[in-house]
>>> print(open('final_19.pdb').read())   # PDB, C-alpha atoms
ATOM      1  CA  MET A   1      -8.509 -45.064  35.405  1.00  0.00           C
ATOM      2  CA  PRO A   2     -10.698 -43.722  38.246  1.00  0.00           C
ATOM      3  CA  PRO A   3     -10.839 -45.852  41.433  1.00  0.00           C
ATOM      4  CA  LEU A   4     -14.551 -46.604  41.108  1.00  0.00           C
ATOM      5  CA  GLU A   5     -14.099 -47.813  37.532  1.00  0.00           C
ATOM      6  CA  ARG A   6     -11.166 -50.024  38.562  1.00  0.00           C
ATOM      7  CA  ALA A   7     -13.167 -51.474  41.461  1.00  0.00           C
ATOM      8  CA  SER A   8     -16.161 -52.036  39.165  1.00  0.00           C
ATOM      9  CA  ILE A   9     -14.003 -54.024  36.772  1.00  0.00           C
ATOM     10  CA  LEU A  10     -12.738 -56.212  39.610  1.00  0.00           C
ATOM     11  CA  LEU A  11     -16.245 -56.612  41.022  1.00  0.00           C
ATOM     12  CA  GLY A  12     -17.544 -57.698  37.608  1.00  0.00           C
ATOM     13  CA  LEU A  13     -14.732 -60.220  37.224  1.00  0.00           C
ATOM     14  CA  VAL A  14     -15.387 -61.605  40.708  1.00  0.00           C
ATOM     15  CA  ARG A  15     -19.090 -62.060  39.967  1.00  0.00           C
ATOM     16  CA  GLU A  16     -18.391 -63.740  36.623  1.00  0.00           C
ATOM     17  CA  LEU A  17     -15.828 -66.029  38.244  1.00  0.00           C
ATOM     18  CA  VAL A  18     -18.273 -66.969  41.010  1.00  0.00           C
ATOM     19  CA  ALA A  19     -20.876 -67.855  38.366  1.00  0.00           C
ATOM     20  CA  VAL A  20     -18.379 -69.975  36.412  1.00  0.00           C
ATOM     21  CA  LEU A  21     -17.192 -71.797  39.549  1.00  0.00           C
ATOM     22  CA  GLU A  22     -20.777 -72.502  40.601  1.00  0.00           C
ATOM     23  CA  LYS A  23     -21.471 -73.860  37.118  1.00  0.00           C
ATOM     24  CA  GLU A  24     -18.327 -76.003  37.346  1.00  0.00           C
ATOM     25  CA  ASN A  25     -19.447 -77.300  40.750  1.00  0.00           C
ATOM     26  CA  ALA A  26     -22.778 -78.346  39.260  1.00  0.00           C
ATOM     27  CA  LEU A  27     -20.998 -80.050  36.344  1.00  0.00           C
ATOM     28  CA  LEU A  28     -18.717 -81.865  38.795  1.00  0.00           C
ATOM     29  CA  ARG A  29     -21.730 -83.152  40.750  1.00  0.00           C
ATOM     30  CA  ARG A  30     -23.111 -84.569  37.493  1.00  0.00           C
ATOM     31  CA  MET A  31     -19.626 -85.704  36.356  1.00  0.00           C
ATOM     32  CA  ASP A  32     -20.287 -83.944  33.057  1.00  0.00           C
ATOM     33  CA  VAL A  33     -16.786 -84.285  31.627  1.00  0.00           C
ATOM     34  CA  GLU A  34     -17.655 -82.650  28.305  1.00  0.00           C
ATOM     35  CA  GLY A  35     -19.230 -79.649  30.035  1.00  0.00           C
ATOM     36  CA  LEU A  36     -16.199 -79.307  32.292  1.00  0.00           C
ATOM     37  CA  ALA A  37     -13.854 -79.306  29.310  1.00  0.00           C
ATOM     38  CA  GLU A  38     -15.907 -76.608  27.565  1.00  0.00           C
ATOM     39  CA  LEU A  39     -15.827 -74.408  30.674  1.00  0.00           C
ATOM     40  CA  GLN A  40     -12.061 -74.499  31.241  1.00  0.00           C
ATOM     41  CA  GLU A  41     -11.062 -71.849  28.696  1.00  0.00           C
ATOM     42  CA  GLU A  42     -13.555 -69.338  30.108  1.00  0.00           C
ATOM     43  CA  LYS A  43     -12.487 -70.159  33.673  1.00  0.00           C
ATOM     44  CA  CYS A  44      -8.789 -69.695  32.856  1.00  0.00           C
ATOM     45  CA  ALA A  45      -9.397 -66.372  31.114  1.00  0.00           C
ATOM     46  CA  LEU A  46     -11.419 -65.056  34.049  1.00  0.00           C
ATOM     47  CA  VAL A  47      -8.830 -66.206  36.578  1.00  0.00           C
ATOM     48  CA  ASP A  48      -6.051 -64.507  34.609  1.00  0.00           C
ATOM     49  CA  ALA A  49      -8.013 -61.246  34.375  1.00  0.00           C
ATOM     50  CA  TYR A  50      -8.979 -61.413  38.066  1.00  0.00           C
ATOM     51  CA  GLU A  51      -5.371 -61.975  39.143  1.00  0.00           C
ATOM     52  CA  ALA A  52      -4.165 -59.080  36.990  1.00  0.00           C
ATOM     53  CA  GLU A  53      -6.771 -56.687  38.426  1.00  0.00           C
ATOM     54  CA  LEU A  54      -6.147 -57.833  41.990  1.00  0.00           C
ATOM     55  CA  ASP A  55      -2.401 -57.422  41.483  1.00  0.00           C
ATOM     56  CA  HIS A  56      -2.946 -53.908  40.164  1.00  0.00           C
ATOM     57  CA  LEU A  57      -5.047 -52.990  43.202  1.00  0.00           C
ATOM     58  CA  ARG A  58      -2.434 -54.449  45.552  1.00  0.00           C
ATOM     59  CA  ARG A  59       0.281 -52.347  43.897  1.00  0.00           C
ATOM     60  CA  THR A  60      -1.863 -49.213  44.133  1.00  0.00           C
ATOM     61  CA  PRO A  61      -3.683 -49.359  47.494  1.00  0.00           C
ATOM     62  CA  GLU A  62      -4.657 -45.713  47.131  1.00  0.00           C
ATOM     63  CA  LEU A  63      -7.270 -46.818  44.577  1.00  0.00           C
ATOM     64  CA  VAL A  64      -9.085 -48.906  47.188  1.00  0.00           C
ATOM     65  CA  ALA A  65      -8.583 -46.185  49.800  1.00  0.00           C
ATOM     66  CA  ALA A  66     -10.283 -43.690  47.458  1.00  0.00           C
ATOM     67  CA  LEU A  67     -13.487 -45.755  47.384  1.00  0.00           C
ATOM     68  CA  ASP A  68     -16.260 -44.814  49.751  1.00  0.00           C
ATOM     69  CA  PRO A  69     -16.824 -47.329  52.585  1.00  0.00           C
ATOM     70  CA  ALA A  70     -19.932 -48.873  50.999  1.00  0.00           C
ATOM     71  CA  GLN A  71     -18.125 -49.497  47.702  1.00  0.00           C
ATOM     72  CA  ARG A  72     -15.105 -50.923  49.496  1.00  0.00           C
ATOM     73  CA  GLU A  73     -17.332 -53.217  51.574  1.00  0.00           C
ATOM     74  CA  ALA A  74     -19.206 -54.412  48.449  1.00  0.00           C
ATOM     75  CA  LEU A  75     -15.883 -55.293  46.841  1.00  0.00           C
ATOM     76  CA  MET A  76     -14.617 -57.081  49.954  1.00  0.00           C
ATOM     77  CA  GLU A  77     -17.896 -59.006  50.330  1.00  0.00           C
ATOM     78  CA  ALA A  78     -17.702 -60.139  46.701  1.00  0.00           C
ATOM     79  CA  ILE A  79     -14.130 -61.338  47.232  1.00  0.00           C
ATOM     80  CA  ARG A  80     -15.200 -63.223  50.392  1.00  0.00           C
ATOM     81  CA  GLU A  81     -17.964 -64.910  48.381  1.00  0.00           C
ATOM     82  CA  LEU A  82     -15.448 -65.823  45.676  1.00  0.00           C
ATOM     83  CA  ARG A  83     -13.194 -67.409  48.282  1.00  0.00           C
ATOM     84  CA  ARG A  84     -16.132 -69.389  49.691  1.00  0.00           C
ATOM     85  CA  VAL A  85     -17.097 -70.669  46.244  1.00  0.00           C
ATOM     86  CA  MET A  86     -13.443 -71.476  45.507  1.00  0.00           C
ATOM     87  CA  ARG A  87     -13.275 -73.650  48.655  1.00  0.00           C
ATOM     88  CA  VAL A  88     -16.416 -75.501  47.569  1.00  0.00           C
ATOM     89  CA  ASN A  89     -14.932 -75.870  44.086  1.00  0.00           C
ATOM     90  CA  LEU A  90     -11.653 -77.209  45.443  1.00  0.00           C
ATOM     91  CA  ASN A  91     -13.532 -79.790  47.532  1.00  0.00           C
ATOM     92  CA  ALA A  92     -15.653 -80.796  44.533  1.00  0.00           C
ATOM     93  CA  LEU A  93     -12.560 -81.170  42.353  1.00  0.00           C
ATOM     94  CA  ALA A  94     -10.859 -83.293  45.025  1.00  0.00           C
ATOM     95  CA  ALA A  95     -13.946 -85.501  45.352  1.00  0.00           C
ATOM     96  CA  ALA A  96     -14.202 -85.972  41.580  1.00  0.00           C
ATOM     97  CA  LYS A  97     -10.498 -86.824  41.403  1.00  0.00           C
ATOM     98  CA  GLU A  98     -10.900 -89.396  44.166  1.00  0.00           C
ATOM     99  CA  VAL A  99     -13.888 -90.991  42.432  1.00  0.00           C
ATOM    100  CA  ALA A 100     -11.984 -91.211  39.144  1.00  0.00           C
ATOM    101  CA  GLU A 101      -8.904 -92.647  40.843  1.00  0.00           C
ATOM    102  CA  ARG A 102     -10.970 -95.242  42.728  1.00  0.00           C
ATOM    103  CA  ALA A 103     -12.800 -96.272  39.574  1.00  0.00           C
ATOM    104  CA  ALA A 104      -9.513 -96.634  37.679  1.00  0.00           C
ATOM    105  CA  SER A 105      -8.018 -98.593  40.576  1.00  0.00           C
ATOM    106  CA  HIS A 106     -10.989-100.979  40.708  1.00  0.00           C
ATOM    107  CA  ILE A 107     -10.885-101.504  36.962  1.00  0.00           C
ATOM    108  CA  ALA A 108      -7.144-102.166  37.044  1.00  0.00           C
ATOM    109  CA  ALA A 109      -7.491-104.596  39.968  1.00  0.00           C
ATOM    110  CA  SER A 110     -10.358-106.408  38.268  1.00  0.00           C
ATOM    111  CA  LEU A 111      -8.379-106.664  35.048  1.00  0.00           C
ATOM    112  CA  ALA A 112      -5.344-107.977  36.930  1.00  0.00           C
ATOM    113  CA  ARG A 113      -7.474-110.625  38.688  1.00  0.00           C
ATOM    114  CA  THR A 114      -9.091-111.620  35.415  1.00  0.00           C
ATOM    115  CA  VAL A 115      -5.773-111.908  33.588  1.00  0.00           C
ATOM    116  CA  ALA A 116      -4.224-113.882  36.447  1.00  0.00           C
ATOM    117  CA  SER A 117      -7.144-116.292  36.769  1.00  0.00           C
ATOM    118  CA  THR A 118      -7.823-117.060  33.112  1.00  0.00           C
ATOM    119  CA  ARG A 119      -5.964-119.212  30.710  1.00  0.00           C
ATOM    120  CA  PRO A 120      -5.108-117.921  27.247  1.00  0.00           C
ATOM    121  CA  LEU A 121      -7.906-117.974  24.711  1.00  0.00           C
ATOM    122  CA  PRO A 122      -7.688-120.500  21.956  1.00  0.00           C
ATOM    123  CA  PRO A 123      -6.717-119.035  18.597  1.00  0.00           C
ATOM    124  CA  GLY A 124      -9.656-117.592  16.705  1.00  0.00           C
ATOM    125  CA  THR A 125     -11.823-116.937  19.793  1.00  0.00           C
ATOM    126  CA  THR A 126     -12.772-113.679  21.450  1.00  0.00           C
ATOM    127  CA  GLY A 127     -12.840-112.494  25.049  1.00  0.00           C
ATOM    128  CA  GLU A 128     -15.821-112.292  27.351  1.00  0.00           C
ATOM    129  CA  VAL A 129     -17.813-109.070  27.612  1.00  0.00           C
ATOM    130  CA  VAL A 130     -18.036-107.909  31.215  1.00  0.00           C
ATOM    131  CA  PRO A 131     -20.714-105.335  32.033  1.00  0.00           C
ATOM    132  CA  LEU A 132     -19.587-102.227  33.881  1.00  0.00           C
ATOM    133  CA  SER A 133     -21.774 -99.583  35.436  1.00  0.00           C
ATOM    134  CA  LEU A 134     -20.587 -96.216  36.774  1.00  0.00           C
ATOM    135  CA  ASP A 135     -22.662 -93.667  38.609  1.00  0.00           C
ATOM    136  CA  ARG A 136     -21.820 -90.215  37.214  1.00  0.00           C
ATOM    137  CA  CYS A 137     -22.948 -88.391  40.347  1.00  0.00           C
ATOM    138  CA  VAL A 138     -20.547 -87.362  43.081  1.00  0.00           C
TER     139      VAL A 138
END
>>> encode(input="final_19.pdb", output="structure tokens")
Amino acid sequence: MPPLERASILLGLVRELVAVLEKENALLRRMDVEGLAELQEEKCALVDAYEAELDHLRRTPELVAALDPAQREALMEAIRELRRVMRVNLNALAAAKEVAERAASHIAASLARTVASTRPLPPGTTGEVVPLSLDRCV
């Protein structure tokens, strides 16, 4: 495959991956769990294809060397943008994980306090409904 065609494939994958990561970042901000789940298959497929193309270019550096400087710079700039978006994505994922862990910890602690401070319910009665509110924004 000609060098320009190979670079174009990688450039297209990088741009698609950037778009998917930006979409995932927006979904993380809204804590849209269903949207995140739907996006994972596409994200995984793009990452796999990107890694395969990048590996191929690393094994054959003459392909990148054959590109003219403007094409090479466009490819490198796209990869830099991907790395920037990946850092933002990693931070967003870490923040969402922390929020979920804190919420689970608070719920568990509240449940433990409730269980420890209440006496058993008489037979035939039901428990008390406790309202819970979570903000889905991170």
>>> resolve_selection(input="final_19.pdb", expression="the PyMOL selection byres ((chain A and resi 64) around 12)", output="PyMOL selection string")
chain A and resi 2-8+10+53-54+56-63+65-76
>>> atom_distance(input="final_19.pdb", atom1="atom CA of Glu77 of chain A", atom2="atom CA of Cys44 of chain A")
22.4 Å
>>> atom_distance(input="final_19.pdb", atom1="atom CA of Ala49 of chain A", atom2="atom CA of Glu16 of chain A")
10.9 Å
>>> atom_distance(input="final_19.pdb", atom1="atom CA of Val18 of chain A", atom2="atom CA of Glu101 of chain A")
27.3 Å
>>> residues_around(input="final_19.pdb", residues="Lys97 of chain A", least_positions_apart="3", cutoff="12 Å", atoms="only C-alpha atoms", output="list in words")
Leu28, Arg29, Met31, Val33, Leu90, Asn91, Ala92, Leu93, Ala94, Ala100, Glu101, Arg102, Ala103, Ala104 and Val138 of chain A
>>> closest_residue(input="final_19.pdb", among="A:Ala26, A:Val47, A:Val20, A:Met1", to="Ala96 of chain A", atoms="all atoms listed in the file")
A:Ala26
>>> closest_residue(input="final_19.pdb", among="A:Glu22, A:Glu38, A:Asp55, A:Asp32", to="Arg87 of chain A", atoms="all atoms listed in the file")
A:Glu22
>>> closest_residue(input="final_19.pdb", among="A:Asp48, A:Leu82, A:Glu41, A:Arg30", to="Val14 of chain A", atoms="all atoms listed in the file")
A:Leu82
>>> build_atoms(input="final_19.pdb", residues="segment 40-51 of chain A", atoms="N, CA, C and O atoms", output="compact mmCIF listing (two decimals), keeping the file's coordinate frame")
# COMPACT_ATOMS: atom_id res chain seq x y z
N GLN A 40 -13.42 -74.79 30.79
CA GLN A 40 -12.06 -74.50 31.24
C GLN A 40 -11.45 -73.25 30.62
O GLN A 40 -10.78 -72.48 31.31
N GLU A 41 -11.65 -73.03 29.35
CA GLU A 41 -11.06 -71.85 28.70
C GLU A 41 -11.61 -70.56 29.30
O GLU A 41 -10.85 -69.63 29.61
N GLU A 42 -12.93 -70.52 29.51
CA GLU A 42 -13.56 -69.34 30.11
C GLU A 42 -13.05 -69.14 31.54
O GLU A 42 -12.73 -68.02 31.95
N LYS A 43 -12.96 -70.23 32.29
CA LYS A 43 -12.49 -70.16 33.67
C LYS A 43 -11.05 -69.63 33.72
O LYS A 43 -10.74 -68.73 34.51
N CYS A 44 -10.19 -70.14 32.88
CA CYS A 44 -8.79 -69.69 32.86
C CYS A 44 -8.67 -68.22 32.50
O CYS A 44 -7.89 -67.48 33.11
N ALA A 45 -9.44 -67.78 31.53
CA ALA A 45 -9.40 -66.37 31.11
C ALA A 45 -9.86 -65.46 32.25
O ALA A 45 -9.25 -64.41 32.51
N LEU A 46 -10.93 -65.86 32.93
CA LEU A 46 -11.42 -65.06 34.05
C LEU A 46 -10.42 -65.02 35.20
O LEU A 46 -10.21 -63.97 35.81
N VAL A 47 -9.82 -66.16 35.50
CA VAL A 47 -8.83 -66.21 36.58
C VAL A 47 -7.65 -65.31 36.24
O VAL A 47 -7.17 -64.54 37.10
N ASP A 48 -7.17 -65.36 35.02
CA ASP A 48 -6.05 -64.51 34.61
C ASP A 48 -6.41 -63.02 34.74
O ASP A 48 -5.61 -62.23 35.26
N ALA A 49 -7.59 -62.65 34.29
CA ALA A 49 -8.01 -61.25 34.38
C ALA A 49 -8.20 -60.83 35.83
O ALA A 49 -7.79 -59.72 36.23
N TYR A 50 -8.79 -61.70 36.65
CA TYR A 50 -8.98 -61.41 38.07
C TYR A 50 -7.63 -61.20 38.76
O TYR A 50 -7.44 -60.24 39.50
N GLU A 51 -6.69 -62.10 38.51
CA GLU A 51 -5.37 -61.98 39.14
C GLU A 51 -4.67 -60.68 38.72
O GLU A 51 -4.04 -60.03 39.55
